[in-house]
>>> print(open('upload.pdb').read())   # PDB, C-alpha atoms, pLDDT in the B column
MODEL        1
ATOM      1  CA  MET A   9      -2.162 -40.067 -49.463  1.00 65.00           C
ATOM      2  CA  SER A  10      -0.598 -42.102 -46.661  1.00 72.00           C
ATOM      3  CA  ALA A  11       2.719 -41.248 -45.066  1.00 84.00           C
ATOM      4  CA  ALA A  12       5.852 -43.162 -45.990  1.00 91.00           C
ATOM      5  CA  VAL A  13       6.831 -45.991 -43.670  1.00 92.00           C
ATOM      6  CA  SER A  14      10.114 -47.851 -43.237  1.00 96.00           C
ATOM      7  CA  ILE A  15      10.274 -51.570 -43.930  1.00 95.00           C
ATOM      8  CA  ASP A  16      11.006 -52.208 -40.249  1.00 95.00           C
ATOM      9  CA  ALA A  17       7.872 -50.313 -39.235  1.00 96.00           C
ATOM     10  CA  LEU A  18       5.841 -52.125 -41.882  1.00 95.00           C
ATOM     11  CA  LEU A  19       7.084 -55.523 -40.668  1.00 95.00           C
ATOM     12  CA  GLU A  20       6.214 -54.592 -37.091  1.00 96.00           C
ATOM     13  CA  ARG A  21       2.734 -53.507 -38.165  1.00 95.00           C
ATOM     14  CA  VAL A  22       1.901 -56.611 -40.204  1.00 95.00           C
ATOM     15  CA  ARG A  23       3.374 -59.008 -37.646  1.00 96.00           C
ATOM     16  CA  ALA A  24       1.149 -57.477 -34.957  1.00 96.00           C
ATOM     17  CA  GLY A  25      -1.822 -58.785 -36.933  1.00 94.00           C
ATOM     18  CA  TYR A  26      -1.135 -62.488 -36.371  1.00 95.00           C
ATOM     19  CA  ALA A  27       0.831 -64.930 -34.210  1.00 96.00           C
ATOM     20  CA  ARG A  28       4.055 -66.065 -35.887  1.00 98.00           C
ATOM     21  CA  VAL A  29       5.252 -69.628 -35.287  1.00 98.00           C
ATOM     22  CA  GLU A  30       8.579 -71.064 -34.232  1.00 98.00           C
ATOM     23  CA  PRO A  31      10.156 -73.936 -36.211  1.00 98.00           C
ATOM     24  CA  ARG A  32       9.221 -76.724 -33.778  1.00 98.00           C
ATOM     25  CA  GLU A  33       5.587 -75.570 -33.645  1.00 98.00           C
ATOM     26  CA  ALA A  34       5.402 -75.463 -37.460  1.00 98.00           C
ATOM     27  CA  TYR A  35       6.952 -78.927 -37.698  1.00 98.00           C
ATOM     28  CA  GLU A  36       4.436 -80.384 -35.254  1.00 98.00           C
ATOM     29  CA  ALA A  37       1.451 -78.652 -36.878  1.00 97.00           C
ATOM     30  CA  ALA A  38       2.467 -79.930 -40.311  1.00 97.00           C
ATOM     31  CA  GLY A  39       3.043 -83.416 -38.938  1.00 96.00           C
ATOM     32  CA  THR A  40      -0.487 -83.625 -37.563  1.00 97.00           C
ATOM     33  CA  GLY A  41      -2.024 -82.133 -40.692  1.00 95.00           C
ATOM     34  CA  GLU A  42      -3.019 -78.938 -38.866  1.00 96.00           C
ATOM     35  CA  ALA A  43      -0.952 -76.667 -41.123  1.00 97.00           C
ATOM     36  CA  LEU A  44       0.210 -76.422 -44.704  1.00 98.00           C
ATOM     37  CA  LEU A  45       3.860 -75.374 -44.981  1.00 98.00           C
ATOM     38  CA  VAL A  46       4.487 -73.167 -48.010  1.00 98.00           C
ATOM     39  CA  ASP A  47       8.081 -72.500 -49.094  1.00 98.00           C
ATOM     40  CA  ILE A  48       8.357 -69.248 -51.087  1.00 98.00           C
ATOM     41  CA  ARG A  49      12.160 -69.221 -51.428  1.00 97.00           C
ATOM     42  CA  TYR A  50      13.489 -68.878 -54.929  1.00 94.00           C
ATOM     43  CA  ALA A  51      14.978 -71.876 -56.733  1.00 95.00           C
ATOM     44  CA  ALA A  52      18.651 -71.035 -56.114  1.00 95.00           C
ATOM     45  CA  LEU A  53      18.122 -71.056 -52.330  1.00 96.00           C
ATOM     46  CA  ARG A  54      16.171 -74.300 -52.458  1.00 96.00           C
ATOM     47  CA  GLU A  55      18.912 -75.900 -54.547  1.00 95.00           C
ATOM     48  CA  ARG A  56      21.648 -74.580 -52.252  1.00 95.00           C
ATOM     49  CA  ASP A  57      20.056 -75.321 -48.875  1.00 96.00           C
ATOM     50  CA  GLY A  58      17.479 -78.027 -49.507  1.00 97.00           C
ATOM     51  CA  LEU A  59      13.783 -78.349 -48.813  1.00 97.00           C
ATOM     52  CA  ILE A  60      11.463 -79.003 -45.925  1.00 98.00           C
ATOM     53  CA  PRO A  61       9.875 -82.425 -46.493  1.00 96.00           C
ATOM     54  CA  GLY A  62       6.154 -82.064 -47.151  1.00 95.00           C
ATOM     55  CA  ALA A  63       6.277 -78.314 -47.757  1.00 97.00           C
ATOM     56  CA  VAL A  64       4.586 -77.048 -50.891  1.00 97.00           C
ATOM     57  CA  VAL A  65       6.876 -74.905 -53.039  1.00 97.00           C
ATOM     58  CA  VAL A  66       5.153 -71.804 -54.413  1.00 97.00           C
ATOM     59  CA  GLU A  67       7.175 -68.982 -55.917  1.00 93.00           C
ATOM     60  CA  ARG A  68       6.394 -65.698 -54.172  1.00 95.00           C
ATOM     61  CA  ASN A  69       5.004 -64.090 -57.308  1.00 95.00           C
ATOM     62  CA  GLU A  70       2.369 -66.876 -57.563  1.00 96.00           C
ATOM     63  CA  LEU A  71       1.462 -67.157 -53.878  1.00 97.00           C
ATOM     64  CA  GLU A  72      -1.882 -65.379 -53.800  1.00 97.00           C
ATOM     65  CA  TRP A  73      -3.105 -67.076 -56.989  1.00 97.00           C
ATOM     66  CA  ARG A  74      -2.119 -70.529 -55.761  1.00 97.00           C
ATOM     67  CA  LEU A  75      -3.580 -70.220 -52.238  1.00 97.00           C
ATOM     68  CA  ASP A  76      -6.838 -68.362 -52.913  1.00 97.00           C
ATOM     69  CA  PRO A  77      -9.523 -71.019 -52.293  1.00 95.00           C
ATOM     70  CA  GLN A  78     -11.773 -69.233 -54.804  1.00 94.00           C
ATOM     71  CA  GLY A  79      -9.085 -68.871 -57.460  1.00 92.00           C
ATOM     72  CA  SER A  80      -8.991 -70.738 -60.736  1.00 93.00           C
ATOM     73  CA  HIS A  81      -5.229 -71.377 -60.330  1.00 95.00           C
ATOM     74  CA  ARG A  82      -5.332 -72.616 -56.748  1.00 95.00           C
ATOM     75  CA  LEU A  83      -3.405 -75.574 -55.400  1.00 96.00           C
ATOM     76  CA  PRO A  84      -5.471 -78.668 -54.551  1.00 95.00           C
ATOM     77  CA  GLU A  85      -4.546 -78.068 -50.887  1.00 94.00           C
ATOM     78  CA  ALA A  86      -6.091 -74.556 -50.926  1.00 95.00           C
ATOM     79  CA  THR A  87      -9.572 -75.729 -50.029  1.00 92.00           C
ATOM     80  CA  SER A  88     -10.771 -73.202 -47.458  1.00 95.00           C
ATOM     81  CA  HIS A  89     -10.234 -69.749 -46.024  1.00 96.00           C
ATOM     82  CA  ASP A  90      -9.837 -71.535 -42.660  1.00 96.00           C
ATOM     83  CA  LEU A  91      -6.703 -73.349 -43.831  1.00 95.00           C
ATOM     84  CA  ARG A  92      -3.734 -72.769 -41.529  1.00 97.00           C
ATOM     85  CA  ILE A  93      -0.841 -71.757 -43.742  1.00 98.00           C
ATOM     86  CA  VAL A  94       2.744 -71.266 -42.556  1.00 98.00           C
ATOM     87  CA  VAL A  95       4.713 -69.259 -45.110  1.00 98.00           C
ATOM     88  CA  ILE A  96       8.464 -69.902 -45.134  1.00 98.00           C
ATOM     89  CA  CYS A  97      11.104 -67.708 -46.742  1.00 98.00           C
ATOM     90  CA  ASN A  98      14.846 -67.818 -46.152  1.00 98.00           C
ATOM     91  CA  GLU A  99      15.112 -65.787 -42.933  1.00 98.00           C
ATOM     92  CA  GLY A 100      11.557 -64.791 -41.958  1.00 97.00           C
ATOM     93  CA  TYR A 101      11.188 -61.326 -43.495  1.00 97.00           C
ATOM     94  CA  ALA A 102       9.550 -61.726 -46.908  1.00 97.00           C
ATOM     95  CA  SER A 103       7.284 -64.381 -45.427  1.00 98.00           C
ATOM     96  CA  SER A 104       5.796 -61.836 -43.019  1.00 98.00           C
ATOM     97  CA  LEU A 105       4.737 -59.610 -45.907  1.00 97.00           C
ATOM     98  CA  ALA A 106       3.432 -62.654 -47.782  1.00 98.00           C
ATOM     99  CA  ALA A 107       1.353 -63.785 -44.788  1.00 98.00           C
ATOM    100  CA  ALA A 108      -0.117 -60.273 -44.507  1.00 97.00           C
ATOM    101  CA  SER A 109      -1.077 -60.447 -48.181  1.00 97.00           C
ATOM    102  CA  LEU A 110      -2.826 -63.781 -47.596  1.00 98.00           C
ATOM    103  CA  HIS A 111      -4.764 -62.180 -44.730  1.00 97.00           C
ATOM    104  CA  GLN A 112      -6.055 -59.618 -47.220  1.00 96.00           C
ATOM    105  CA  LEU A 113      -7.478 -62.523 -49.250  1.00 96.00           C
ATOM    106  CA  GLY A 114      -9.371 -63.719 -46.179  1.00 97.00           C
ATOM    107  CA  LEU A 115      -6.908 -66.451 -45.202  1.00 97.00           C
ATOM    108  CA  ARG A 116      -7.098 -65.355 -41.574  1.00 96.00           C
ATOM    109  CA  ARG A 117      -5.016 -68.257 -40.221  1.00 97.00           C
ATOM    110  CA  ALA A 118      -2.015 -67.538 -42.445  1.00 98.00           C
ATOM    111  CA  THR A 119       1.201 -66.940 -40.551  1.00 98.00           C
ATOM    112  CA  ASP A 120       4.925 -67.214 -41.109  1.00 98.00           C
ATOM    113  CA  LEU A 121       7.931 -68.970 -39.661  1.00 98.00           C
ATOM    114  CA  VAL A 122      10.102 -66.944 -37.285  1.00 98.00           C
ATOM    115  CA  GLY A 123      13.624 -67.032 -38.737  1.00 98.00           C
ATOM    116  CA  GLY A 124      12.492 -68.794 -41.916  1.00 98.00           C
ATOM    117  CA  PHE A 125      14.199 -71.816 -43.420  1.00 98.00           C
ATOM    118  CA  GLN A 126      17.488 -70.955 -41.734  1.00 98.00           C
ATOM    119  CA  ALA A 127      15.858 -71.214 -38.273  1.00 98.00           C
ATOM    120  CA  TRP A 128      14.196 -74.491 -39.282  1.00 98.00           C
ATOM    121  CA  ARG A 129      17.546 -75.964 -40.281  1.00 97.00           C
ATOM    122  CA  ALA A 130      19.313 -74.546 -37.188  1.00 98.00           C
ATOM    123  CA  ALA A 131      16.662 -76.250 -35.020  1.00 98.00           C
ATOM    124  CA  GLY A 132      17.763 -79.590 -36.493  1.00 97.00           C
ATOM    125  CA  LEU A 133      14.429 -80.215 -38.212  1.00 98.00           C
ATOM    126  CA  PRO A 134      14.269 -82.383 -41.364  1.00 97.00           C
ATOM    127  CA  VAL A 135      15.670 -81.068 -44.641  1.00 97.00           C
ATOM    128  CA  THR A 136      15.905 -82.913 -47.944  1.00 94.00           C
ATOM    129  CA  THR A 137      17.284 -82.236 -51.411  1.00 84.00           C
ATOM    130  CA  GLN A 138      14.289 -83.760 -53.230  1.00 62.00           C
ATOM    131  CA  GLU A 139      11.557 -81.450 -54.614  1.00 56.00           C
ATOM    132  CA  ARG A 140       8.051 -82.627 -53.985  1.00 51.00           C
TER
ENDMDL
END
>>> encode(input="upload.pdb", output="structure tokens")
Amino acid sequence: MSAAVSIDALLERVRAGYARVEPREAYEAAGTGEALLVDIRYAALRERDGLIPGAVVVERNELEWRLDPQGSHRLPEATSHDLRIVVICNEGYASSLAAASLHQLGLRRATDLVGGFQAWRAAGLPVTTQER
């Protein structure tokens, strides 16, 4: 049986396994088609704060099923284990755990957005109220 770990220690451990991205880097990578932005925020936050244009909305409880390239419920965009995925939550905490889960599926280029949607918006990057 493994020893208990705090959430802060767990976040530190999983984040050490990949390079997180800043909002501007994510914006540029998505703009050139080098990354798929995946918004895992729940509906109330998306309705309150808006959306990132071009980001795919996937509820957190469906994430692994929708992004597994071998899965029967995958998104059309989930074509390869080499796909660069940037997971976005509200403030950059839940997305770190989600990215670590995607790594376990073999999506080795999965990462998350430092500061989440709130950092994206604070950086002055595009936000819309229209769902894709």
>>> residues_around(input="upload.pdb", residues="segment 102-116 of chain A", least_positions_apart="5", cutoff="9 Å", atoms="all atoms listed in the file", output="list in words")
Leu18, Leu19, Val22, Arg23, Gly25, Tyr26, Arg28, Asp47, Ile48, Arg68, Leu71, Glu72, Leu75, Asp76, Pro77, Ser88, His89, Asp90, Leu91, Arg92, Ile93, Val94, Val95, Ile96, Cys97, Leu121, Val122 and Gly124 of chain A
>>> closest_residue(input="upload.pdb", among="A:Ala52, A:Val135, A:Tyr101, A:Ala37", to="Gly123 of chain A", atoms="only C-alpha atoms")
A:Tyr101
>>> closest_residue(input="upload.pdb", among="A:Val46, A:Asn98, A:Gly39, A:Glu85", to="Glu70 of chain A", atoms="all atoms listed in the file")
A:Val46
>>> atom_distance(input="upload.pdb", atom1="atom CA of Ala11 of chain A", atom2="atom CA of Trp73 of chain A")
29.0 Å
>>> atom_distance(input="upload.pdb", atom1="atom CA of Val29 of chain A", atom2="atom CA of Glu67 of chain A")
20.7 Å
>>> axis_aligned_box(input="upload.pdb", around="segment 37-46 of chain A", padding_each_side="6 Å", output="JSON")
{"center_x": 0.7, "center_y": -78.4, "center_z": -42.4, "size_x": 19.5, "size_y": 22.5, "size_z": 23.1}
>>> atom_distance(input="upload.pdb", atom1="atom CA of Asp57 of chain A", atom2="atom CA of Ala34 of chain A")
18.6 Å
>>> closest_residue(input="upload.pdb", among="A:Gly100, A:Arg21, A:Gly79, A:Leu45", to="Glu33 of chain A", atoms="only C-alpha atoms")
A:Leu45
>>> closest_residue(input="upload.pdb", among="A:Ala131, A:Ala12, A:Ala63, A:Ala43", to="Arg117 of chain A", atoms="all atoms listed in the file")
A:Ala43
>>> closest_residue(input="upload.pdb", among="A:Ala86, A:Ala130, A:Ala51, A:Val64", to="Ala38 of chain A", atoms="all atoms listed in the file")
A:Val64
>>> resolve_selection(input="upload.pdb", expression="the PyMOL selection byres ((chain A and resi 59) around 6)", output="number ranges by chain")
A: 54, 58, 60, 135-137
>>> write_last_selection(input="upload.pdb", atoms="C-alpha atoms", output="PDB file, keeping the file's coordinate frame")
ATOM      1  CA  ARG A  54      16.171 -74.300 -52.458  1.00 96.00           C
ATOM      2  CA  GLY A  58      17.479 -78.027 -49.507  1.00 97.00           C
ATOM      3  CA  ILE A  60      11.463 -79.003 -45.925  1.00 98.00           C
ATOM      4  CA  VAL A 135      15.670 -81.068 -44.641  1.00 97.00           C
ATOM      5  CA  THR A 136      15.905 -82.913 -47.944  1.00 94.00           C
ATOM      6  CA  THR A 137      17.284 -82.236 -51.411  1.00 84.00           C
TER       7      THR A 137
END
>>> residues_around(input="upload.pdb", residues="Leu133 of chain A", least_positions_apart="4", cutoff="10 Å", atoms="all atoms listed in the file", output="list in words")
Pro31, Arg32, Tyr35, Ile60, Pro61, Phe125, Ala127, Trp128 and Arg129 of chain A
>>> build_atoms(input="upload.pdb", residues="segment 113-140 of chain A", atoms="N, CA and C atoms", output="short mmCIF file (atom, residue, chain, number, x, y, z; two decimals), in the frame of the given file")
data_model
loop_
_atom_site.label_atom_id
_atom_site.label_comp_id
_atom_site.auth_asym_id
_atom_site.auth_seq_id
_atom_site.Cartn_x
_atom_site.Cartn_y
_atom_site.Cartn_z
N LEU A 113 -6.62 -61.65 -48.46
CA LEU A 113 -7.48 -62.52 -49.25
C LEU A 113 -8.49 -63.27 -48.39
N GLY A 114 -8.45 -63.04 -47.08
CA GLY A 114 -9.37 -63.72 -46.18
C GLY A 114 -8.82 -64.99 -45.56
N LEU A 115 -7.55 -65.28 -45.81
CA LEU A 115 -6.91 -66.45 -45.20
C LEU A 115 -6.41 -66.05 -43.81
N ARG A 116 -7.35 -65.95 -42.89
CA ARG A 116 -7.10 -65.36 -41.57
C ARG A 116 -6.14 -66.16 -40.70
N ARG A 117 -5.92 -67.43 -41.02
CA ARG A 117 -5.02 -68.26 -40.22
C ARG A 117 -3.62 -68.34 -40.82
N ALA A 118 -3.36 -67.56 -41.86
CA ALA A 118 -2.02 -67.54 -42.44
C ALA A 118 -1.04 -66.90 -41.46
N THR A 119 0.15 -67.45 -41.42
CA THR A 119 1.20 -66.94 -40.55
C THR A 119 2.54 -67.20 -41.24
N ASP A 120 3.62 -66.90 -40.54
CA ASP A 120 4.92 -67.21 -41.11
C ASP A 120 5.86 -67.75 -40.04
N LEU A 121 6.96 -68.30 -40.52
CA LEU A 121 7.93 -68.97 -39.66
C LEU A 121 8.98 -67.98 -39.18
N VAL A 122 9.08 -67.82 -37.88
CA VAL A 122 10.10 -66.94 -37.28
C VAL A 122 11.48 -67.47 -37.69
N GLY A 123 12.28 -66.64 -38.34
CA GLY A 123 13.62 -67.03 -38.74
C GLY A 123 13.70 -67.80 -40.04
N GLY A 124 12.54 -68.14 -40.62
CA GLY A 124 12.49 -68.79 -41.92
C GLY A 124 13.19 -70.15 -41.97
N PHE A 125 13.55 -70.53 -43.19
CA PHE A 125 14.20 -71.82 -43.42
C PHE A 125 15.48 -71.96 -42.60
N GLN A 126 16.22 -70.88 -42.47
CA GLN A 126 17.49 -70.96 -41.73
C GLN A 126 17.26 -71.34 -40.27
N ALA A 127 16.18 -70.85 -39.66
CA ALA A 127 15.86 -71.21 -38.27
C ALA A 127 15.39 -72.67 -38.20
N TRP A 128 14.64 -73.09 -39.21
CA TRP A 128 14.20 -74.49 -39.28
C TRP A 128 15.41 -75.41 -39.28
N ARG A 129 16.34 -75.13 -40.17
CA ARG A 129 17.55 -75.96 -40.28
C ARG A 129 18.39 -75.89 -39.00
N ALA A 130 18.53 -74.71 -38.42
CA ALA A 130 19.31 -74.55 -37.19
C ALA A 130 18.68 -75.31 -36.03
N ALA A 131 17.36 -75.50 -36.07
CA ALA A 131 16.66 -76.25 -35.02
C ALA A 131 16.83 -77.75 -35.20
N GLY A 132 17.53 -78.17 -36.26
CA GLY A 132 17.76 -79.59 -36.49
C GLY A 132 16.56 -80.33 -37.06
N LEU A 133 15.62 -79.59 -37.63
CA LEU A 133 14.43 -80.22 -38.21
C LEU A 133 14.75 -80.77 -39.60
N PRO A 134 13.95 -81.69 -40.11
CA PRO A 134 14.27 -82.38 -41.36
C PRO A 134 14.41 -81.46 -42.57
N VAL A 135 15.41 -81.76 -43.38
CA VAL A 135 15.67 -81.07 -44.64
C VAL A 135 16.05 -82.14 -45.65
N THR A 136 15.59 -81.97 -46.88
CA THR A 136 15.90 -82.91 -47.94
C THR A 136 16.35 -82.14 -49.19
N THR A 137 16.89 -82.87 -50.15
CA THR A 137 17.28 -82.24 -51.41
C THR A 137 16.29 -82.57 -52.52
N GLN A 138 15.27 -83.34 -52.23
CA GLN A 138 14.29 -83.76 -53.23
C GLN A 138 13.10 -82.80 -53.28
N GLU A 139 12.77 -82.27 -54.47
CA GLU A 139 11.56 -81.45 -54.61
C GLU A 139 10.36 -82.36 -54.64
N ARG A 140 9.30 -81.87 -54.05
CA ARG A 140 8.05 -82.63 -53.98
C ARG A 140 7.33 -82.55 -55.29
#
